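Down below is the structure, laid out as structure tokens.
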Amino acid sequence: MNALARESPASAIDVELARRQHAAYGTALAAAGATVTVLDADERCPDCVFVEDTAVVAEGLALITIPGAPSRRAETPAIAAALATLVEVQTMESPATLDGGDVMRVGSTLYVGRSARTNEAGIASLAAAFTPRGLRVVALDLPSDVLHLKCVCTPLGEGRILLAEGSLAPALFDAVHCVIVPAAETYAANVVALGHHVIVAAEYPRTLDVLVGAGFQVHPVPTTEVRKADGSLTCQSLVI
């Protein structure tokens with residue numbers, strides 16, 4: 001079984017290179033101040049590296065999702081077990097589907113993309129779990145060519161997001177300040193921000209310049225192999 005991809009990549013994933021790039025990602029997280037826990041891979045689940053899609057964690061609660069792709073649903077028990085040692089755990093129920101990559105927290109708001117992987121029942125489950133904990137849930141319609149919300153925008157902290165030019169209207173995000181990534185580097189809109197540190201795809205120099213100009217210390221990480229499986233940076237971790 002191969003990792004999911006909307007289009008076949010020009011070249012096959014180089015597994016050893018992918019492992020080295022994943023290790024570099026973990027090193028960057030640690031350099032940005034995170035305590036990193038690495039779970040064992042499940043060789044039956046080729047997409048298991050993309051842990052973000054299996055849970056949404058906020059306000060002391062982990063909502064274990066039902067990923068939109070049926071082949072990924074075997075990934076969730078291991079994530080639930082790991083998170084149960086850290087936070088309260090709830091489990092989403094069918095017919096809900098939701099990928100964590102569709103959920104972006106900015107302050108007290110959870111923006112959630114209505115996508116091919118996240119349905120109305122999934123959005124309702126998200127609201128039922130987190131509204132009682134003081135978070136507002138705002139659903140956004142995604143263009144058909146956008147897999148997940150976080151493919152085109154990610155939080156930077158302090159009421160800011162990084163947004164790919166021409167992807168979604170900045171007005172959709174209320175009073176949030178949008179730092180704009182050039183449309184030619186849309187992939188690089190997916191970053192992991194921890195305080196004044198930002199982990200960013202290494203192959204996009206204009207985005208690195210934008211982030212440095214916004215006052216961040218950048219940690220470039222190679223992403224050539226995860227991109228072949230429709231992956232990027234946030235999807236490789238759950239930040240608690």
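So you can find residues: chains in the structure tokens are A, B, ... in the order shown, residues in each start at 1, and ligands are numbered from 1 in order.
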
Write out as a short mmCIF file (atom, residue, chain, number, x, y, z; two decimals) with C-alpha atoms, in the first residue's frame all residues of range 54-200 of chain A that backbone DSSP assigns to strand (DSSP E or B).
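Done, and the output landed in part35.cif:
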data_model
loop_
_atom_site.label_atom_id
_atom_site.label_comp_id
_atom_site.auth_asym_id
_atom_site.auth_seq_id
_atom_site.Cartn_x
_atom_site.Cartn_y
_atom_site.Cartn_z
CA ALA A 55 -6.81 14.61 16.37
CA VAL A 56 -7.59 18.19 17.29
CA VAL A 57 -6.03 19.21 20.61
CA ALA A 58 -7.01 22.37 22.50
CA LEU A 61 -9.00 18.06 25.22
CA ALA A 62 -8.05 15.83 22.30
CA LEU A 63 -10.88 15.10 19.88
CA ILE A 64 -9.89 11.93 18.01
CA GLU A 88 -8.67 14.26 28.16
CA VAL A 89 -9.69 12.28 25.07
CA GLN A 90 -13.01 12.19 23.23
CA THR A 91 -13.74 10.18 20.08
CA VAL A 103 -8.59 23.01 11.63
CA MET A 104 -6.63 26.15 12.47
CA ARG A 105 -6.73 27.83 15.88
CA VAL A 106 -6.29 31.59 16.07
CA THR A 109 -11.40 30.72 17.31
CA LEU A 110 -11.16 27.40 15.52
CA TYR A 111 -11.41 27.94 11.78
CA VAL A 112 -12.38 24.71 10.03
CA GLY A 113 -12.34 24.01 6.32
CA ARG A 114 -15.33 22.34 4.73
CA ARG A 136 -15.68 29.62 18.69
CA VAL A 137 -15.92 27.40 15.59
CA VAL A 138 -16.07 29.12 12.19
CA ALA A 139 -16.51 26.98 9.06
CA LEU A 140 -14.97 28.07 5.75
CA ASP A 141 -15.68 26.69 2.29
CA CYS A 153 -2.84 29.23 5.77
CA THR A 154 -1.38 28.56 9.20
CA PRO A 155 -1.30 30.47 12.52
CA LEU A 156 1.68 32.61 13.47
CA GLY A 157 0.51 33.55 16.97
CA ARG A 160 -1.58 36.61 12.85
CA ILE A 161 -1.73 33.97 10.15
CA LEU A 162 0.41 33.17 7.13
CA LEU A 163 -1.86 33.16 4.06
CA ALA A 164 -1.13 32.22 0.46
CA HIS A 177 -3.67 40.10 10.55
CA CYS A 178 -2.63 38.19 7.42
CA VAL A 179 1.03 37.89 6.45
CA ILE A 180 0.97 37.08 2.74
CA VAL A 181 2.98 34.39 0.97
CA VAL A 192 4.75 25.58 12.36
CA ALA A 193 5.09 28.65 14.59
CA LEU A 194 6.29 28.33 18.18
CA HIS A 197 10.33 30.60 15.90
CA VAL A 198 8.85 29.34 12.62
CA ILE A 199 9.59 26.03 10.92
CA VAL A 200 9.22 26.53 7.18
#

(request) Identify, with DSSP run on backbone atoms, the residues in range 14-151 of chain A assigned to alpha helix (DSSP H), and express the list as a ChimeraX atom specification. (result) /A:15-31,76-83,120-130

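Minimum distance to Cys45 in chain A across A:Ser11, A:Thr97, A:Gln21, A:Asn2 (counting only C-alpha atoms) occurs at A:Asn2.
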
(request) Tell me which of A:Asn119, A:Thr223, A:Ser167, A:Gln217 sits closest to Tyr204 in chain A, counting only C-alpha atoms. (result) A:Thr223

(message) When you count only C-alpha atoms, which of these residues is closest to Ala201 in chain A: A:Cys48, A:Ile13, A:Ala189, A:Leu147?
(response)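 Using only C-alpha atoms, the shortest distance to Ala201 in chain A belongs to A:Ala189.
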
(message) Just want the 12 Å neighbourhood of Ala74 in chain A, counted on only C-alpha atoms, with same-chain residues fewer than 4 positions away dropped. Output as a list of chain:residue names.
(response) A:Asp42, A:Glu43, A:Arg44, A:Cys45, A:Pro46, A:Asp47, A:Cys48, A:Val51, A:Thr54, A:Ile64, A:Thr65, A:Ile66, A:Pro67, A:Gly68, A:Ala69, A:Pro70, A:Ala78, A:Ile79, A:Ala80

Those selected residues, please, written with N, CA and C atoms and delivered as a short mmCIF file (atom, residue, chain, number, x, y, z; two decimals), in the first residue's frame.
data_model
loop_
_atom_site.label_atom_id
_atom_site.label_comp_id
_atom_site.auth_asym_id
_atom_site.auth_seq_id
_atom_site.Cartn_x
_atom_site.Cartn_y
_atom_site.Cartn_z
N ASP A 42 3.68 2.80 12.18
CA ASP A 42 2.87 1.62 11.91
C ASP A 42 3.02 1.32 10.42
N GLU A 43 3.76 0.30 10.10
CA GLU A 43 4.08 0.01 8.71
C GLU A 43 2.84 -0.40 7.90
N ARG A 44 1.73 -0.69 8.58
CA ARG A 44 0.49 -1.00 7.86
C ARG A 44 -0.20 0.27 7.37
N CYS A 45 0.25 1.42 7.88
CA CYS A 45 -0.42 2.69 7.59
C CYS A 45 0.59 3.66 6.97
N PRO A 46 0.69 3.70 5.65
CA PRO A 46 1.74 4.50 5.02
C PRO A 46 1.60 6.00 5.23
N ASP A 47 0.42 6.47 5.65
CA ASP A 47 0.23 7.90 5.93
C ASP A 47 0.36 8.23 7.41
N CYS A 48 0.81 7.29 8.24
CA CYS A 48 0.77 7.50 9.69
C CYS A 48 1.69 8.62 10.15
N VAL A 51 0.31 12.82 11.54
CA VAL A 51 -0.48 12.65 12.76
C VAL A 51 -1.49 13.77 12.99
N THR A 54 -5.34 13.14 12.70
CA THR A 54 -6.01 12.16 13.55
C THR A 54 -6.59 12.75 14.82
N ILE A 64 -10.44 12.89 18.97
CA ILE A 64 -9.89 11.93 18.01
C ILE A 64 -10.84 11.89 16.82
N THR A 65 -10.31 12.15 15.64
CA THR A 65 -11.14 12.31 14.46
C THR A 65 -11.43 10.98 13.77
N ILE A 66 -12.33 11.06 12.81
CA ILE A 66 -12.49 9.99 11.81
C ILE A 66 -11.97 10.58 10.50
N PRO A 67 -10.76 10.26 10.12
CA PRO A 67 -10.20 10.86 8.90
C PRO A 67 -11.10 10.62 7.70
N GLY A 68 -11.10 11.59 6.79
CA GLY A 68 -11.95 11.51 5.62
C GLY A 68 -11.59 10.40 4.66
N ALA A 69 -10.33 9.99 4.63
CA ALA A 69 -9.90 8.88 3.78
C ALA A 69 -10.02 7.58 4.57
N PRO A 70 -10.88 6.64 4.17
CA PRO A 70 -11.05 5.40 4.94
C PRO A 70 -9.76 4.65 5.23
N ALA A 78 -3.62 4.41 18.00
CA ALA A 78 -2.30 4.68 18.58
C ALA A 78 -2.18 6.13 19.03
N ILE A 79 -2.77 7.05 18.25
CA ILE A 79 -2.72 8.46 18.63
C ILE A 79 -3.56 8.69 19.88
N ALA A 80 -4.74 8.08 19.94
CA ALA A 80 -5.59 8.23 21.12
C ALA A 80 -4.89 7.73 22.38
#

(request) Could you tell me which of A:Val191, A:Val212, A:Ala121, A:Ala81 comes closest to Glu93 in chain A if we count only C-alpha atoms? (result) A:Ala121

(request) Would you work out the distance separating CA of Ala31 in chain A from CA of Val218 in chain A, expressed in Å to one decimal? (result) 10.4 Å

(request) Compare A:Leu86, A:Leu233, A:Ala18, A:Ala5 by their minimum atom-to-atom distance to Thr37 in chain A, counting only C-alpha atoms, and give me the closest one. (result)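 When distances to Thr37 in chain A are compared using only C-alpha atoms, the smallest one comes from A:Leu86.
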
(request) Could you check how far CA of Phe216 in chain A sits from CA of His196 in chain A, in Å to one decimal? (result) 5.1 Å

(message) Let me make sure I understand: among A:Leu168, A:Val146, A:Ala23, A:Leu83, which one has the smallest atom-to-atom distance to Val49 in chain A if we use only C-alpha atoms?
(response) A:Ala23

(message) With only C-alpha atoms as the counted atoms, please give the residues lying no more than 10 Å from Glu203 in chain A, apart from itself and same-chain residues fewer than 6 positions off, as a list of chain:residue names.
(response)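 Residues near the query, excluding close chain neighbours: A:Glu185, A:Tyr187, A:Ala188, A:Pro220, A:Val221, A:Pro222, A:Thr223, A:Thr224.
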
(message) as an MDAnalysis selection string, please: the residues near Ser237 in chain A (cut-off 6 Å, only C-alpha atoms, same-chain neighbours under 2 positions excluded).
(response) chainID A and resid 51:52 234:235

(message) What does the structure give for the distance between CA of Gly100 in chain A and CA of His22 in chain A, in Å to one decimal?
(response)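 Computing it gives 19.2 Å between the two atoms.
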